[in-house]
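Peer 1: Please find my_file-v3.csv (CSV, C-alpha atoms and all ligand atoms) on the next line:
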chain,number,residue,atom,x,y,z
A,173,MET,CA,132.8,102.8,98.7
A,174,TYR,CA,135.0,101.6,95.8
A,175,LEU,CA,134.9,105.1,94.3
A,176,ASN,CA,136.0,106.7,97.7
A,177,VAL,CA,139.0,104.4,97.9
A,178,VAL,CA,140.0,105.3,94.3
A,179,LYS,CA,139.5,109.0,95.1
A,180,SER,CA,141.6,108.9,98.2
A,181,PHE,CA,144.3,106.9,96.4
A,182,ILE,CA,144.4,109.5,93.7
A,183,ARG,CA,144.6,112.3,96.4
A,184,MET,CA,147.5,110.5,98.1
A,185,ARG,CA,149.3,110.0,94.8
A,186,THR,CA,148.8,113.6,93.9
A,187,LEU,CA,150.0,114.7,97.4
A,188,LYS,CA,153.0,112.4,97.2
A,189,GLY,CA,153.8,113.8,93.7
A,190,PHE,CA,153.5,117.3,95.0
A,191,LEU,CA,155.8,116.7,97.9
A,192,GLU,CA,158.4,115.0,95.7
A,193,ARG,CA,158.3,117.8,93.2
A,194,ALA,CA,158.6,120.3,96.1
A,195,HIS,CA,161.6,118.5,97.3
A,196,VAL,CA,163.3,118.2,93.9
A,197,HIS,CA,162.4,121.7,92.9
A,198,PRO,CA,162.4,123.8,96.0
A,199,ILE,CA,160.6,127.1,95.8
A,200,ASN,CA,163.2,128.8,97.8
A,201,MET,CA,166.2,130.0,95.8
A,202,VAL,CA,169.7,129.9,97.2
A,203,LYS,CA,171.4,133.2,97.0
A,204,LEU,CA,175.1,133.8,96.8
A,205,GLN,CA,176.5,137.3,97.2
A,206,TRP,CA,180.1,138.0,96.5
A,207,LEU,CA,181.5,140.3,99.2
A,208,GLY,CA,184.8,140.6,97.5
A,209,HIS,CA,188.0,138.5,97.5
A,210,ALA,CA,187.0,135.0,98.9
A,211,ALA,CA,184.1,136.3,101.0
A,212,TRP,CA,180.6,135.2,100.3
A,213,LEU,CA,177.2,135.6,101.9
A,214,VAL,CA,175.1,132.4,101.3
A,215,GLU,CA,171.4,132.6,102.0
A,216,PHE,CA,169.4,129.4,102.2
A,217,SER,CA,165.7,129.4,103.1
A,218,LYS,CA,166.3,129.0,106.8
A,219,THR,CA,170.1,129.5,107.2
A,220,ARG,CA,172.4,132.3,106.5
A,221,MET,CA,176.2,131.9,106.4
A,222,VAL,CA,179.2,133.9,105.5
A,223,ILE,CA,182.4,132.3,104.1
A,224,ASP,CA,185.8,133.8,104.6
A,225,PRO,CA,184.4,137.2,105.7
A,226,PHE,CA,187.5,139.5,105.0
A,227,LEU,CA,185.7,142.9,105.0
A,228,THR,CA,187.7,145.3,107.3
A,229,ASN,CA,190.8,146.5,105.4
A,230,ASN,CA,189.7,144.7,102.2
A,231,PRO,CA,189.8,147.3,99.5
A,232,LYS,CA,187.2,145.4,97.4
A,233,ALA,CA,184.8,144.7,100.3
A,234,ALA,CA,181.1,145.1,99.3
A,235,MET,CA,179.9,145.8,102.8
A,236,LYS,CA,181.1,146.5,106.3
A,237,GLU,CA,181.3,143.8,109.0
A,238,SER,CA,178.5,145.6,110.9
A,239,ASP,CA,176.2,145.3,107.9
A,240,LEU,CA,176.0,141.5,108.4
A,241,ASN,CA,173.1,140.4,110.6
A,242,ASN,CA,171.2,137.2,111.4
A,243,ILE,CA,174.2,135.0,110.5
A,244,ASP,CA,174.0,131.4,111.7
A,245,TYR,CA,177.5,130.2,110.6
A,246,VAL,CA,180.8,131.8,109.7
A,247,LEU,CA,182.8,129.3,107.6
A,248,VAL,CA,186.6,129.9,107.5
A,249,THR,CA,188.8,128.0,105.1
A,250,HIS,CA,192.2,128.7,106.7
A,251,THR,CA,194.0,130.9,109.2
A,252,HIS,CA,195.4,133.6,106.8
A,253,PHE,CA,194.2,137.2,107.5
A,254,ASP,CA,192.4,137.5,104.2
A,255,HIS,CA,190.1,134.6,105.1
A,256,VAL,CA,189.6,134.8,108.9
A,257,GLY,CA,189.0,138.5,108.4
A,258,ASP,CA,186.1,139.6,110.6
A,259,ALA,CA,185.0,136.1,111.6
A,260,TYR,CA,185.6,136.6,115.3
A,261,ALA,CA,183.8,140.0,115.3
A,262,ILE,CA,180.8,138.6,113.5
A,263,SER,CA,180.6,135.6,115.8
A,264,LYS,CA,180.9,137.9,118.9
A,265,ARG,CA,178.2,140.3,117.7
A,266,THR,CA,175.7,137.9,116.1
A,267,GLY,CA,176.3,134.6,118.0
A,268,ALA,CA,177.1,132.9,114.7
A,269,LYS,CA,179.1,129.7,115.1
A,270,ILE,CA,182.6,129.7,113.5
A,271,VAL,CA,183.1,126.5,111.4
A,272,GLY,CA,186.5,125.4,110.2
A,273,MET,CA,189.4,123.2,110.9
A,274,PHE,CA,189.7,122.0,114.5
A,275,GLU,CA,192.9,124.1,115.2
A,276,LEU,CA,190.9,127.2,114.2
A,277,SER,CA,188.6,126.6,117.1
A,278,GLN,CA,191.5,126.7,119.6
A,279,GLY,CA,192.4,130.4,119.3
A,280,GLY,CA,189.0,131.7,120.6
A,281,GLU,CA,190.0,132.5,124.1
A,282,LYS,CA,192.3,135.4,123.0
A,283,GLU,CA,189.4,136.8,121.0
A,284,GLY,CA,187.1,136.5,124.1
A,285,LEU,CA,185.0,133.8,122.5
A,286,GLY,CA,183.9,130.8,124.4
A,287,GLU,CA,184.0,127.2,123.1
A,288,ASP,CA,180.3,127.5,122.2
A,289,HIS,CA,181.2,129.9,119.3
A,290,PHE,CA,183.2,127.2,117.5
A,291,ILE,CA,182.5,124.0,115.5
A,292,GLY,CA,186.0,122.6,115.0
A,293,MET,CA,185.8,119.9,112.3
A,294,ASN,CA,188.2,118.3,109.9
A,295,LYS,CA,188.3,117.2,106.3
A,296,GLY,CA,186.4,114.3,104.8
A,297,SER,CA,182.6,114.3,105.0
A,298,GLN,CA,179.5,116.4,105.3
A,299,THR,CA,177.6,116.9,108.5
A,300,ARG,CA,174.0,118.1,108.9
A,301,PHE,CA,173.4,121.3,110.8
A,302,GLY,CA,169.6,122.0,110.8
A,303,ASP,CA,168.6,122.2,107.2
A,304,VAL,CA,172.1,122.5,105.7
A,305,SER,CA,175.0,120.1,105.4
A,306,ILE,CA,178.6,121.4,105.8
A,307,GLY,CA,181.8,119.5,105.0
A,308,LEU,CA,185.4,120.4,104.8
A,309,THR,CA,187.4,119.3,101.7
A,310,ALA,CA,191.1,119.1,101.0
A,311,ALA,CA,192.9,122.1,99.6
A,312,VAL,CA,196.6,122.5,98.7
A,313,HIS,CA,197.9,125.6,100.4
A,314,SER,CA,199.1,126.5,104.0
A,315,GLY,CA,197.5,127.7,107.2
A,316,ASN,CA,195.4,124.7,108.2
A,317,GLU,CA,193.8,125.0,104.8
A,318,SER,CA,190.5,123.5,103.6
A,319,GLY,CA,187.7,124.0,101.2
A,320,PHE,CA,183.9,123.7,101.9
A,321,VAL,CA,181.0,121.8,100.4
A,322,VAL,CA,177.7,123.2,101.6
A,323,THR,CA,174.3,121.8,100.7
A,324,GLY,CA,170.9,123.2,101.4
A,325,ASP,CA,167.5,123.6,99.7
A,326,GLY,CA,168.7,121.0,97.1
A,327,LYS,CA,171.7,123.1,96.0
A,328,THR,CA,175.4,122.4,96.6
A,329,ILE,CA,178.2,125.0,96.6
A,330,TYR,CA,181.9,124.1,96.6
A,331,HIS,CA,184.1,126.9,97.9
A,332,ALA,CA,187.6,125.7,97.1
A,333,GLY,CA,189.3,128.1,99.6
A,334,ASP,CA,192.9,129.0,98.6
A,335,THR,CA,194.3,126.1,96.7
A,336,ALA,CA,196.6,124.8,94.0
A,337,LEU,CA,195.2,122.5,91.4
A,338,PHE,CA,194.9,118.9,92.7
A,339,GLY,CA,193.5,115.7,91.1
A,340,ASP,CA,191.0,114.8,93.8
A,341,MET,CA,188.9,117.8,92.8
A,342,LYS,CA,187.5,115.2,90.3
A,343,TYR,CA,186.1,113.2,93.2
A,344,ILE,CA,184.7,116.4,94.9
A,345,GLY,CA,182.8,116.9,91.6
A,346,GLU,CA,181.6,113.3,91.3
A,347,LEU,CA,180.6,112.9,94.9
A,348,TYR,CA,178.9,116.2,95.6
A,349,LYS,CA,177.9,117.3,92.1
A,350,PRO,CA,178.1,121.0,93.0
A,351,ASP,CA,175.7,123.4,91.3
A,352,VAL,CA,178.3,126.2,91.9
A,353,ALA,CA,182.0,126.0,92.3
A,354,LEU,CA,183.8,129.1,93.7
A,355,LEU,CA,187.4,128.9,92.5
A,356,PRO,CA,190.4,131.2,93.2
A,357,THR,CA,191.9,132.4,89.9
A,358,GLY,CA,194.2,135.2,91.0
A,359,GLY,CA,197.5,133.3,90.8
A,360,PHE,CA,200.6,134.0,93.0
A,361,TYR,CA,199.1,132.5,96.2
A,362,THR,CA,196.6,130.1,94.4
A,363,MET,CA,195.7,128.8,91.0
A,364,GLY,CA,195.7,131.2,88.2
A,365,PRO,CA,193.2,131.1,85.2
A,366,LYS,CA,195.1,128.3,83.5
A,367,GLU,CA,195.1,126.0,86.5
A,368,ALA,CA,191.6,126.9,87.6
A,369,ALA,CA,190.3,126.1,84.1
A,370,VAL,CA,191.7,122.5,84.5
A,371,ALA,CA,190.1,122.4,88.1
A,372,ALA,CA,186.7,123.5,86.6
A,373,GLY,CA,187.0,120.6,84.1
A,374,LEU,CA,187.6,118.1,87.0
A,375,ILE,CA,184.8,119.5,89.2
A,376,LYS,CA,182.2,120.0,86.4
A,377,ALA,CA,179.9,122.3,88.4
A,378,LYS,CA,177.0,123.7,86.4
A,379,TYR,CA,178.3,127.2,87.3
A,380,THR,CA,181.8,128.3,88.2
A,381,ILE,CA,182.5,131.7,89.7
A,382,PRO,CA,186.1,133.0,89.9
A,383,MET,CA,187.3,134.8,93.1
A,384,HIS,CA,190.5,135.8,94.9
A,385,TYR,CA,191.6,138.1,92.1
A,386,GLY,CA,192.0,141.8,91.8
A,387,THR,CA,192.2,142.5,95.6
A,388,PHE,CA,195.9,143.1,95.9
A,389,PRO,CA,198.8,143.7,93.5
A,390,GLY,CA,200.1,140.3,92.3
A,391,ILE,CA,196.7,138.6,92.0
A,392,ASP,CA,195.3,140.9,89.3
A,393,SER,CA,194.7,138.2,86.7
A,394,ASP,CA,191.8,138.7,84.2
A,395,PRO,CA,188.7,136.6,85.0
A,396,GLU,CA,187.8,136.8,81.3
A,397,GLU,CA,190.9,134.7,80.6
A,398,PHE,CA,189.5,132.1,83.0
A,399,ARG,CA,186.1,132.3,81.1
A,400,LYS,CA,187.9,131.8,77.8
A,401,LEU,CA,189.7,128.7,79.1
A,402,ALA,CA,186.9,127.1,81.1
A,403,GLY,CA,183.8,128.2,79.2
A,404,ASN,CA,183.4,124.9,77.4
A,405,VAL,CA,183.3,122.8,80.6
A,406,THR,CA,181.1,125.0,82.9
A,407,GLN,CA,179.1,128.2,82.8
A,408,VAL,CA,181.4,130.9,84.0
A,409,LYS,CA,179.7,133.7,85.9
A,410,ILE,CA,181.9,136.8,86.5
A,411,LEU,CA,180.6,138.9,89.3
A,412,LYS,CA,181.5,142.3,90.7
A,413,PRO,CA,181.8,142.6,94.5
A,414,GLY,CA,178.3,143.0,95.9
A,415,ASP,CA,176.6,141.1,93.0
A,416,VAL,CA,174.1,138.4,93.9
A,417,PHE,CA,173.9,135.1,92.0
A,418,GLN,CA,170.7,133.2,92.6
A,419,ILE,CA,171.3,129.5,91.8
A,420,PRO,CA,168.6,128.6,89.3
A,501,ZN,ZN,193.9,134.1,100.4
Starting from the coordinates I provided, produce the structure as structure tokens.
Peer 2:
Amino acid sequence: MYLNVVKSFIRMRTLKGFLERAHVHPINMVKLQWLGHAAWLVEFSKTRMVIDPFLTNNPKAAMKESDLNNIDYVLVTHTHFDHVGDAYAISKRTGAKIVGMFELSQGGEKEGLGEDHFIGMNKGSQTRFGDVSIGLTAAVHSGNESGFVVTGDGKTIYHAGDTALFGDMKYIGELYKPDVALLPTGGFYTMGPKEAAVAAGLIKAKYTIPMHYGTFPGIDSDPEEFRKLAGNVTQVKILKPGDVFQIP
């Protein structure tokens, strides 16, 4: 009798340990694919999303709009063409919900999209959608600008959108502890390598990937310069459009 109680206690402890470990170290890897410019395909175990899907007329696009299937959410950081991009077309074709600032959800009628295609939010916190959490952050730019913090499968990604350097990036880092920060480094419209390196030091993500460079004239800064300046505060990963980064 006593032995059975001990045995079942050990089984329970083992199961509990297993579940905790499974939670802390999920088997499913989170995949980030750079589609060029500020566009990303993010694949969690059960949820697929694209961020700023500017593919049509993007000279650096890694795929066509029609190549994207089974998309649950389209996250849009602001209203500029190089970020809204193909968001409406993807939503129309796949039924994916467009997530962004509230005002972004108001233009849908002209695109023939009903209210049910939009999740109009605002900056300040994260909200759970199924197995992922999505939140809008501040950004310093124009066009109803925001950044995104997305968490799923135990990994957190901070997509800064288009932004200048701002001090509250420190709190985004402290609060959400991003595994990966995606930062614009192209300059002209956003931070350049020098400013983005200071941002990376505030955010302190394990990995930082530069984006929003090399697409158009004027934003052709060298990502290696960013690596040189930020390499001591974060692991800088430089991708080519189409490359996949699996968050370890
Ligand atoms: Zn932009």
Peer 1: Find the residues of chain A that sit at most 7 Å from ligand ZN 501 (chain A); for each, write down the nearest two atoms and how far apart they are in Å, to one decimal. Count only C-alpha atoms and all ligand atoms. Sort by chain, then by number going up, and give it as a tab-separated table.
Peer 2:
residue	atom	partner	partner_atom	distance
A:His252	CA	A:ZN501	ZN	6.6
A:Asp254	CA	A:ZN501	ZN	5.3
A:His255	CA	A:ZN501	ZN	6.1
A:Asp334	CA	A:ZN501	ZN	5.5
A:Tyr361	CA	A:ZN501	ZN	6.9
A:His384	CA	A:ZN501	ZN	6.7
Peer 1: Counting only C-alpha atoms, figure out which residue out of A:Val248, A:Pro395, A:Gly267, A:Tyr260 gets nearest to A:Asn294.
Peer 2: A:Val248
Peer 1: Please, which residues in stretch 186-264 of chain A fall within 12 Å of stretch 342-353 of chain A when counting all atoms listed in the file, and what is the closest atom pair and distance in Å to one decimal for each, ordered by chain then residue number, as a tab-separated table?
Peer 2:
residue	atom	partner	partner_atom	distance
A:Val202	CA	A:Asp351	CA	10.6
A:Lys203	CA	A:Val352	CA	11.1
A:Leu204	CA	A:Val352	CA	9.6
A:Val214	CA	A:Val352	CA	11.7
Peer 1: Taking only C-alpha atoms into account, name the residue in A:Leu354, A:Ala371, A:Val222, A:Ala259 that is nearest to A:Ile243.
Peer 2: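 That would be A:Val222, the residue with the smallest distance to A:Ile243.
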Peer 1: Within 7 Å of A:Phe398, counting only C-alpha atoms, which residues show up once you throw out same-chain ones fewer than 6 positions away? Write them as an MDAnalysis selection string, please.
Peer 2: chainID A and resid 365:366 369
Peer 1: Rounded to one decimal, what separation in Å do you get between atom CA of A:His331 and atom CA of A:Pro382?
Peer 2: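 Separation of atom CA of A:His331 and atom CA of A:Pro382: 10.3 Å.
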Peer 1: Could you make a table, as JSON lines, of the residues of stretch 189-264 of chain A that have an atom within 6 Å of an atom of stretch 310-329 of chain A, each with its nearest atom pair and distance in Å to one decimal, counting only C-alpha atoms, in chain and number order?
Peer 2:
{"residue": "A:Thr249", "atom": "CA", "partner": "A:Ser318", "partner_atom": "CA", "distance": 5.0}
{"residue": "A:His250", "atom": "CA", "partner": "A:Glu317", "partner_atom": "CA", "distance": 4.5}
{"residue": "A:Thr251", "atom": "CA", "partner": "A:Gly315", "partner_atom": "CA", "distance": 5.1}
Peer 1: Could you jot down the atom CA of A:Met363 to atom CA of A:Ala336 separation for me, Å, one decimal place?
Peer 2: 5.1 Å
Peer 1: Within 8 Å of (185.0, 119.6, 86.5) in the file's own coordinates, which protein, DNA or RNA residues have an atom, counting all atoms listed in the file? List them as a list in words.
Peer 2: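 Result, sorted by chain then residue number: Met341, Lys342, Gly345, Val370, Ala371, Ala372, Gly373, Leu374, Ile375, Lys376, Ala377, Val405 and Thr406 of chain A.
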Peer 1: Find the residues near A:Ala268: any atom within 12 Å, counting all atoms listed in the file, skip ones fewer than 5 places away on the same chain, and give them as number ranges by chain.
Peer 2: A: 219-223, 240-247, 258-263, 285, 288-291
Peer 1: Of the candidates A:Thr357, A:Ser238, A:Thr299, A:Asn229, which one gets nearest to A:Asp394 if we count all atoms listed in the file?
Peer 2: A:Thr357
Peer 1: Between atom CA of A:Lys412 and atom CA of A:Pro356, what is the distance in Å, rounded to a tenth?
Peer 2: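 Atom CA of A:Pro356 lies 14.4 Å from atom CA of A:Lys412.
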Peer 1: Pick the closest to A:Phe216 from A:Ile419, A:Leu308, A:Leu411, A:Leu355: which is it, counting only C-alpha atoms?
Peer 2: A:Ile419
Peer 1: Restricting the calculation to all atoms listed in the file: of A:Pro389, A:Leu337, A:Asp239, A:Gly279, which residue gets closest to A:Leu213?
Peer 2: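 Looking only at the distances to A:Leu213, the closest residue turns out to be A:Asp239.
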Peer 1: Choose the residue, out of A:Phe226, A:Phe360, A:Phe301, A:Phe274, that has the smallest atom-to-atom separation from A:Trp206; count all atoms listed in the file.
Peer 2: A:Phe226
Peer 1: Could you rebuild stretch 306-341 of chain A with N, CA and C atoms and give it back as a short mmCIF file (atom, residue, chain, number, x, y, z; two decimals), in the frame of the given file?
Peer 2:
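Writing done, so here's rebuild-v9.cif:
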data_model
loop_
_atom_site.label_atom_id
_atom_site.label_comp_id
_atom_site.auth_asym_id
_atom_site.auth_seq_id
_atom_site.Cartn_x
_atom_site.Cartn_y
_atom_site.Cartn_z
N ILE A 306 177.30 120.73 105.98
CA ILE A 306 178.60 121.40 105.80
C ILE A 306 179.69 120.38 105.86
N GLY A 307 180.62 120.44 104.92
CA GLY A 307 181.80 119.50 105.00
C GLY A 307 183.03 120.27 104.56
N LEU A 308 184.14 119.85 105.14
CA LEU A 308 185.40 120.40 104.80
C LEU A 308 186.09 119.47 103.75
N THR A 309 186.72 120.05 102.75
CA THR A 309 187.40 119.30 101.70
C THR A 309 188.92 119.57 101.83
N ALA A 310 189.70 118.77 101.16
CA ALA A 310 191.10 119.10 101.00
C ALA A 310 191.32 120.35 100.24
N ALA A 311 192.44 120.99 100.46
CA ALA A 311 192.90 122.10 99.60
C ALA A 311 194.43 122.01 99.70
N VAL A 312 195.11 122.56 98.72
CA VAL A 312 196.60 122.50 98.70
C VAL A 312 197.08 123.92 98.87
N HIS A 313 197.47 124.27 100.12
CA HIS A 313 197.90 125.60 100.40
C HIS A 313 198.63 125.58 101.76
N SER A 314 198.50 126.56 102.63
CA SER A 314 199.10 126.50 104.00
C SER A 314 198.11 127.16 104.94
N GLY A 315 198.38 127.06 106.25
CA GLY A 315 197.50 127.70 107.20
C GLY A 315 196.29 126.86 107.58
N ASN A 316 196.53 125.55 107.84
CA ASN A 316 195.40 124.70 108.20
C ASN A 316 194.28 124.80 107.13
N GLU A 317 194.66 124.62 105.88
CA GLU A 317 193.80 125.00 104.80
C GLU A 317 192.71 123.88 104.50
N SER A 318 191.56 124.35 104.04
CA SER A 318 190.50 123.50 103.60
C SER A 318 189.65 124.17 102.56
N GLY A 319 188.77 123.40 101.95
CA GLY A 319 187.70 124.00 101.20
C GLY A 319 186.39 123.63 101.89
N PHE A 320 185.23 124.03 101.34
CA PHE A 320 183.90 123.70 101.90
C PHE A 320 182.98 123.19 100.86
N VAL A 321 182.19 122.18 101.23
CA VAL A 321 181.00 121.80 100.40
C VAL A 321 179.82 122.03 101.28
N VAL A 322 178.91 122.88 100.81
CA VAL A 322 177.70 123.20 101.60
C VAL A 322 176.49 122.86 100.75
N THR A 323 175.55 122.14 101.37
CA THR A 323 174.30 121.80 100.70
C THR A 323 173.10 122.21 101.47
N GLY A 324 172.16 122.80 100.78
CA GLY A 324 170.90 123.20 101.40
C GLY A 324 169.88 123.50 100.33
N ASP A 325 168.59 123.29 100.63
CA ASP A 325 167.50 123.60 99.70
C ASP A 325 167.79 122.90 98.31
N GLY A 326 168.41 121.75 98.32
CA GLY A 326 168.70 121.00 97.10
C GLY A 326 169.78 121.55 96.23
N LYS A 327 170.56 122.50 96.76
CA LYS A 327 171.70 123.10 96.00
C LYS A 327 173.00 122.85 96.74
N THR A 328 174.05 122.63 95.97
CA THR A 328 175.40 122.40 96.60
C THR A 328 176.37 123.40 96.04
N ILE A 329 177.13 123.96 96.97
CA ILE A 329 178.20 125.00 96.60
C ILE A 329 179.50 124.43 97.10
N TYR A 330 180.49 124.50 96.23
CA TYR A 330 181.90 124.10 96.60
C TYR A 330 182.70 125.40 96.60
N HIS A 331 183.17 125.78 97.79
CA HIS A 331 184.10 126.90 97.90
C HIS A 331 185.47 126.29 98.10
N ALA A 332 186.34 126.47 97.13
CA ALA A 332 187.60 125.70 97.10
C ALA A 332 188.63 126.29 98.11
N GLY A 333 188.34 127.44 98.74
CA GLY A 333 189.30 128.10 99.60
C GLY A 333 190.50 128.58 98.76
N ASP A 334 191.66 128.71 99.38
CA ASP A 334 192.90 129.00 98.60
C ASP A 334 193.51 127.68 98.27
N THR A 335 193.77 127.45 97.03
CA THR A 335 194.30 126.10 96.70
C THR A 335 195.08 126.15 95.36
N ALA A 336 196.01 125.20 95.27
CA ALA A 336 196.60 124.80 94.00
C ALA A 336 195.65 123.82 93.33
N LEU A 337 195.89 123.53 92.09
CA LEU A 337 195.20 122.50 91.40
C LEU A 337 195.53 121.12 92.01
N PHE A 338 194.55 120.27 92.27
CA PHE A 338 194.90 118.90 92.70
C PHE A 338 193.84 117.93 92.10
N GLY A 339 194.31 116.70 91.84
CA GLY A 339 193.50 115.70 91.10
C GLY A 339 192.23 115.29 91.76
N ASP A 340 192.21 115.32 93.10
CA ASP A 340 191.00 114.80 93.80
C ASP A 340 189.82 115.78 93.67
N MET A 341 190.03 116.93 93.06
CA MET A 341 188.90 117.80 92.80
C MET A 341 187.86 117.02 91.91
#
